[in-house]
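run-v6.txt follows; it contains compact mmCIF, C-alpha atoms (C1' of nucleotides).
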```txt
# COMPACT_ATOMS: atom_id res chain seq x y z
CA MET A 1444 -3.76 24.08 164.77
CA ARG A 1445 -1.12 25.93 162.81
CA TYR A 1446 2.56 26.58 163.26
CA TRP A 1447 4.49 29.84 162.97
CA LEU A 1448 7.94 31.30 163.13
CA MET A 1449 8.21 34.66 164.87
CA LYS A 1450 11.34 36.80 164.79
CA SER A 1451 12.49 38.84 167.73
CA GLU A 1452 15.70 40.73 168.24
CA PRO A 1453 17.12 39.28 171.46
CA ASP A 1454 18.39 42.73 172.48
CA GLU A 1455 14.73 43.75 172.61
CA VAL A 1456 12.95 40.59 173.75
CA SER A 1457 14.81 37.30 174.02
CA PHE A 1458 13.34 33.87 174.62
CA ASP A 1459 14.82 33.95 178.13
CA ASP A 1460 13.06 37.25 178.74
CA VAL A 1461 9.74 35.57 177.96
CA LEU A 1462 10.59 32.55 180.12
CA ALA A 1463 11.19 34.96 183.00
CA ALA A 1464 8.01 36.97 182.42
CA PRO A 1465 4.83 36.45 184.47
CA ASP A 1466 3.03 33.34 183.18
CA ARG A 1467 5.95 33.06 180.70
CA THR A 1468 3.88 35.33 178.49
CA THR A 1469 4.57 38.51 176.57
CA ALA A 1470 2.67 40.76 174.20
CA TRP A 1471 4.06 40.51 170.68
CA PHE A 1472 4.20 44.18 169.73
CA GLY A 1473 5.90 46.21 167.07
CA VAL A 1474 4.88 44.28 163.95
CA ARG A 1475 4.66 46.95 161.23
CA ASN A 1476 4.27 44.83 158.14
CA TYR A 1477 0.83 44.13 156.73
CA GLN A 1478 1.44 40.56 155.70
CA ALA A 1479 2.76 39.66 159.14
CA ARG A 1480 -0.09 41.54 160.77
CA ASN A 1481 -2.65 39.71 158.68
CA PHE A 1482 -1.26 36.35 159.78
CA MET A 1483 -1.84 37.40 163.40
CA ARG A 1484 -5.23 38.90 162.72
CA ASP A 1485 -6.71 36.31 160.38
CA GLN A 1486 -5.04 32.99 160.98
CA MET A 1487 -3.46 32.70 164.41
CA GLN A 1488 -5.39 30.84 167.09
CA PRO A 1489 -4.57 30.39 170.76
CA GLY A 1490 -2.58 27.19 171.08
CA ASP A 1491 -0.82 27.49 167.71
CA GLY A 1492 2.84 26.49 167.87
CA VAL A 1493 5.54 29.16 167.61
CA LEU A 1494 9.21 28.84 166.79
CA PHE A 1495 10.80 31.75 168.67
CA TYR A 1496 13.56 33.01 166.40
CA HIS A 1497 16.37 35.38 167.31
CA SER A 1498 17.25 37.75 164.46
CA SER A 1499 19.74 40.58 163.96
CA CYS A 1500 22.25 39.09 166.35
CA ALA A 1501 25.59 37.34 166.23
CA ALA A 1502 24.13 33.85 165.75
CA PRO A 1503 20.56 33.98 164.44
CA GLY A 1504 18.46 30.89 165.10
CA VAL A 1505 15.55 29.24 166.87
CA ALA A 1506 15.87 29.95 170.59
CA GLY A 1507 12.84 28.07 171.86
CA ILE A 1508 9.29 26.83 171.44
CA ALA A 1509 6.32 29.00 172.33
CA GLU A 1510 2.59 29.12 171.73
CA VAL A 1511 0.02 31.69 170.79
CA ALA A 1512 -1.69 32.64 174.04
CA SER A 1513 -4.43 35.09 173.00
CA GLY A 1514 -6.51 36.30 170.15
CA PRO A 1515 -5.58 39.50 168.30
CA TYR A 1516 -5.93 42.89 170.01
CA PRO A 1517 -4.67 46.42 169.22
CA ASP A 1518 -0.92 46.90 169.64
CA ALA A 1519 -0.61 49.54 172.38
CA SER A 1520 2.70 50.86 171.08
CA GLN A 1521 1.06 52.38 167.99
CA PHE A 1522 -0.66 54.95 170.26
CA ASP A 1523 2.43 55.86 172.29
CA PRO A 1524 4.23 58.94 170.92
CA SER A 1525 7.35 58.04 172.87
CA SER A 1526 7.56 54.58 171.29
CA LYS A 1527 9.61 53.94 168.20
CA TYR A 1528 6.58 51.96 167.01
CA PHE A 1529 4.28 55.00 167.26
CA ASP A 1530 2.03 55.40 164.21
CA ALA A 1531 0.46 58.84 163.80
CA LYS A 1532 -2.12 57.43 161.41
CA ALA A 1533 -3.47 54.92 163.91
CA THR A 1534 -6.37 55.82 166.19
CA ARG A 1535 -8.11 54.01 169.03
CA GLU A 1536 -11.19 53.85 166.85
CA GLN A 1537 -9.25 52.63 163.82
CA PRO A 1538 -6.13 50.79 164.98
CA ARG A 1539 -3.73 49.69 162.29
CA TRP A 1540 -1.52 47.27 164.15
CA ILE A 1541 -2.26 44.35 166.39
CA SER A 1542 -0.58 42.13 168.93
CA VAL A 1543 -1.08 38.63 170.20
CA ASP A 1544 0.24 37.19 173.44
CA VAL A 1545 2.96 34.57 173.19
CA ARG A 1546 3.83 32.09 175.94
CA ALA A 1547 7.19 30.33 176.19
CA VAL A 1548 6.75 26.56 176.34
CA GLU A 1549 10.07 24.77 175.96
CA LYS A 1550 13.70 25.71 175.67
CA GLY A 1551 15.81 23.16 173.87
CA ARG A 1552 19.17 23.31 172.22
CA TYR A 1553 19.78 26.58 170.34
CA LEU A 1554 19.31 25.84 166.64
CA PRO A 1555 21.43 28.21 164.55
CA LEU A 1556 20.31 29.41 161.14
CA THR A 1557 23.52 28.01 159.68
CA GLU A 1558 22.49 24.53 160.79
CA MET A 1559 18.94 24.93 159.56
CA ARG A 1560 20.22 25.62 156.05
CA GLY A 1561 21.67 22.14 155.87
CA VAL A 1562 18.50 20.28 156.83
CA PRO A 1563 16.65 18.79 153.84
CA GLU A 1564 13.22 18.95 155.55
CA LEU A 1565 13.66 22.71 155.90
CA ASP A 1566 14.57 23.41 152.27
CA ASP A 1567 11.27 25.14 151.54
CA MET A 1568 10.89 27.04 154.80
CA VAL A 1569 9.73 30.63 154.24
CA LEU A 1570 12.45 31.80 156.61
CA LEU A 1571 15.16 30.29 154.44
CA ARG A 1572 13.93 31.66 151.13
CA LYS A 1573 16.20 34.15 149.45
CA GLY A 1574 15.18 37.67 150.31
CA SER A 1575 12.56 36.64 152.85
CA ARG A 1576 12.20 39.26 155.56
CA LEU A 1577 8.82 38.44 157.03
CA SER A 1578 8.89 38.73 160.80
CA ILE A 1579 6.07 36.21 161.08
CA SER A 1580 5.91 33.29 158.69
CA PRO A 1581 3.96 30.05 158.45
CA VAL A 1582 5.67 26.76 159.26
CA THR A 1583 4.44 23.44 157.87
CA PRO A 1584 3.86 20.45 160.17
CA GLY A 1585 6.82 18.71 158.52
CA GLU A 1586 9.09 21.69 159.20
CA TRP A 1587 7.79 21.95 162.75
CA ASN A 1588 8.50 18.30 163.47
CA ALA A 1589 11.98 18.54 161.97
CA VAL A 1590 12.86 21.60 164.06
CA LEU A 1591 11.53 20.03 167.26
CA ARG A 1592 13.53 16.88 166.63
CA LEU A 1593 16.68 18.99 166.16
CA ILE A 1594 16.26 21.15 169.24
CA ARG A 1595 15.53 18.11 171.38
CA GLN A 1596 18.70 16.35 170.22
CA GLU A 1597 21.44 15.79 172.74
CA GLN A 1598 24.16 18.37 172.41
C1' DG B 1156 29.30 48.59 157.69
C1' DC B 1157 27.77 46.48 153.39
C1' DC B 1158 24.26 45.42 150.43
C1' DA B 1159 20.52 42.48 148.30
C1' DA B 1160 15.88 42.16 148.52
C1' DC B 1161 11.71 43.76 149.56
C1' DG B 1162 7.94 47.16 151.14
C1' DT B 1163 6.10 51.82 151.16
C1' DT B 1164 5.44 56.41 149.54
C1' DG B 1165 4.11 59.86 146.57
C1' DG B 1166 4.33 62.43 142.11
C1' DC B 1167 2.34 62.08 137.87
C1' DG C 886 -2.32 52.69 138.54
C1' DC C 887 2.59 53.09 137.41
C1' DC C 888 7.05 53.23 139.06
C1' DA C 889 11.22 55.69 140.82
C1' DA C 890 13.00 56.91 145.04
C1' DC C 891 13.52 55.94 149.45
C1' DG C 892 13.49 53.25 153.84
C1' DT C 893 13.94 48.85 156.24
C1' DT C 894 15.35 44.18 157.18
C1' DG C 895 18.67 41.14 158.40
C1' DG C 896 22.51 37.97 157.23
C1' DC C 897 27.16 38.34 156.61
```
Taking this structure as input, can you express it in the form of structure tokens?
Amino acid sequence: MRYWLMKSEPDEVSFDDVLAAPDRTTAWFGVRNYQARNFMRDQMQPGDGVLFYHSSCAAPGVAGIAEVASGPYPDASQFDPSSKYFDAKATREQPRWISVDVRAVEKGRYLPLTEMRGVPELDDMVLLRKGSRLSISPVTPGEWNAVLRLIRQEQ
DNA sequence: GCCAACGTTGGC
DNA sequence: GCCAACGTTGGC
């Protein structure tokens, strides 16, 4: 069992959107970075823990807890010419990009990035490293436990 | 809107 | 295979 942090722009897909979706599950599409793709393809397993992170918004932070809910499969948006994620070099026979399904599990207190930066257990988090832009990054068990403790704190 | 940091592209 | 130019990410 591994742990991950996955970034989503809440204007596109927010944690509440996933909570409201059928089976609280959504396809994670639009990843167009090879390192992030390889994490999904090679390392993610159904049941892995996911920190659902809101990026590119007024107050970036962890919006909820989710889990990986499928194995990898081709990202449909790469084949759709009307999608901004269309990739002319991808074919059905040779897909380039993949998705996994993600299921919302628990919504706690919103944990802002600004607060995360002050938490000693999170000092080495990939997310917090200078210049880190990965949309999917690994989370250690220690980091996972620290984040869960924080989001379950009373407000 | 700015801009640092990083990834990708393409000429050579 | 190098690397400059360009594009993107994402916090601020």
- Quick one, how far is atom CA of A:Gly1514 from atom CA of A:Phe1458?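 Result for atom CA of A:Gly1514 versus atom CA of A:Phe1458: 20.5 Å, one decimal.
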Determine, using all atoms listed in the file, which residues of chain A have any atom at most 10 Å from an atom of chain C, and tabulate each with its shortest atom pair and distance in Å to one decimal place, rows ordered by chain and then rising number, as a Markdown table.
```
| residue | atom | partner | partner_atom | distance |
| --- | --- | --- | --- | --- |
| A:Ser1498 | CA | C:DG895 | C1' | 7.1 |
| A:Ser1499 | CA | C:DG895 | C1' | 5.7 |
| A:Cys1500 | CA | C:DG895 | C1' | 9.0 |
| A:Ala1501 | CA | C:DG896 | C1' | 9.5 |
| A:Ala1502 | CA | C:DG896 | C1' | 9.6 |
| A:Pro1503 | CA | C:DG896 | C1' | 8.5 |
| A:Leu1556 | CA | C:DG896 | C1' | 9.7 |
| A:Gly1574 | CA | C:DT894 | C1' | 9.5 |
| A:Ser1575 | CA | C:DT894 | C1' | 9.1 |
| A:Arg1576 | CA | C:DT894 | C1' | 6.1 |
| A:Leu1577 | CA | C:DT894 | C1' | 8.7 |
| A:Ser1578 | CA | C:DT894 | C1' | 9.2 |
```
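When the distance limit is 9 Å and all atoms listed in the file are what count, the residues near A:Glu1452, minus those fewer than 2 positions from it on the same chain, are Lys1450, Asp1454, Glu1455, Val1456, Ser1457, Tyr1496, His1497, Ser1498, Ser1499 and Cys1500 of chain A.
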- Message: For a test of reading the model, state the distance in Å between atom CA of A:Ala1463 and atom CA of A:Asp1491, rounded to one decimal.
- Response: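 Here the two named atoms are 20.8 Å from each other.
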- Closest of A:Ile1579, A:Val1548, A:Met1449, A:Gly1585 to A:Pro1563 - atom-to-atom distances counting only C-alpha atoms: A:Gly1585
- Shell of 9 Å around A:Pro1581, all atoms listed in the file, local chain residues under 6 positions omitted, as a count of residues only: 9
- Any idea what the distance is between atom CA of A:Leu1462 and atom CA of A:Pro1524?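 Computing it gives 28.7 Å between the two atoms.
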Using 6 Å of padding on each side, determine the axis-aligned box around all atoms of chain B present in the file and give its centre and edge lengths in Å to one decimal, as lines of an AutoDock Vina configuration file.
```
center_x = 15.8
center_y = 52.3
center_z = 147.8
size_x = 39.0
size_y = 32.3
size_z = 31.8
```
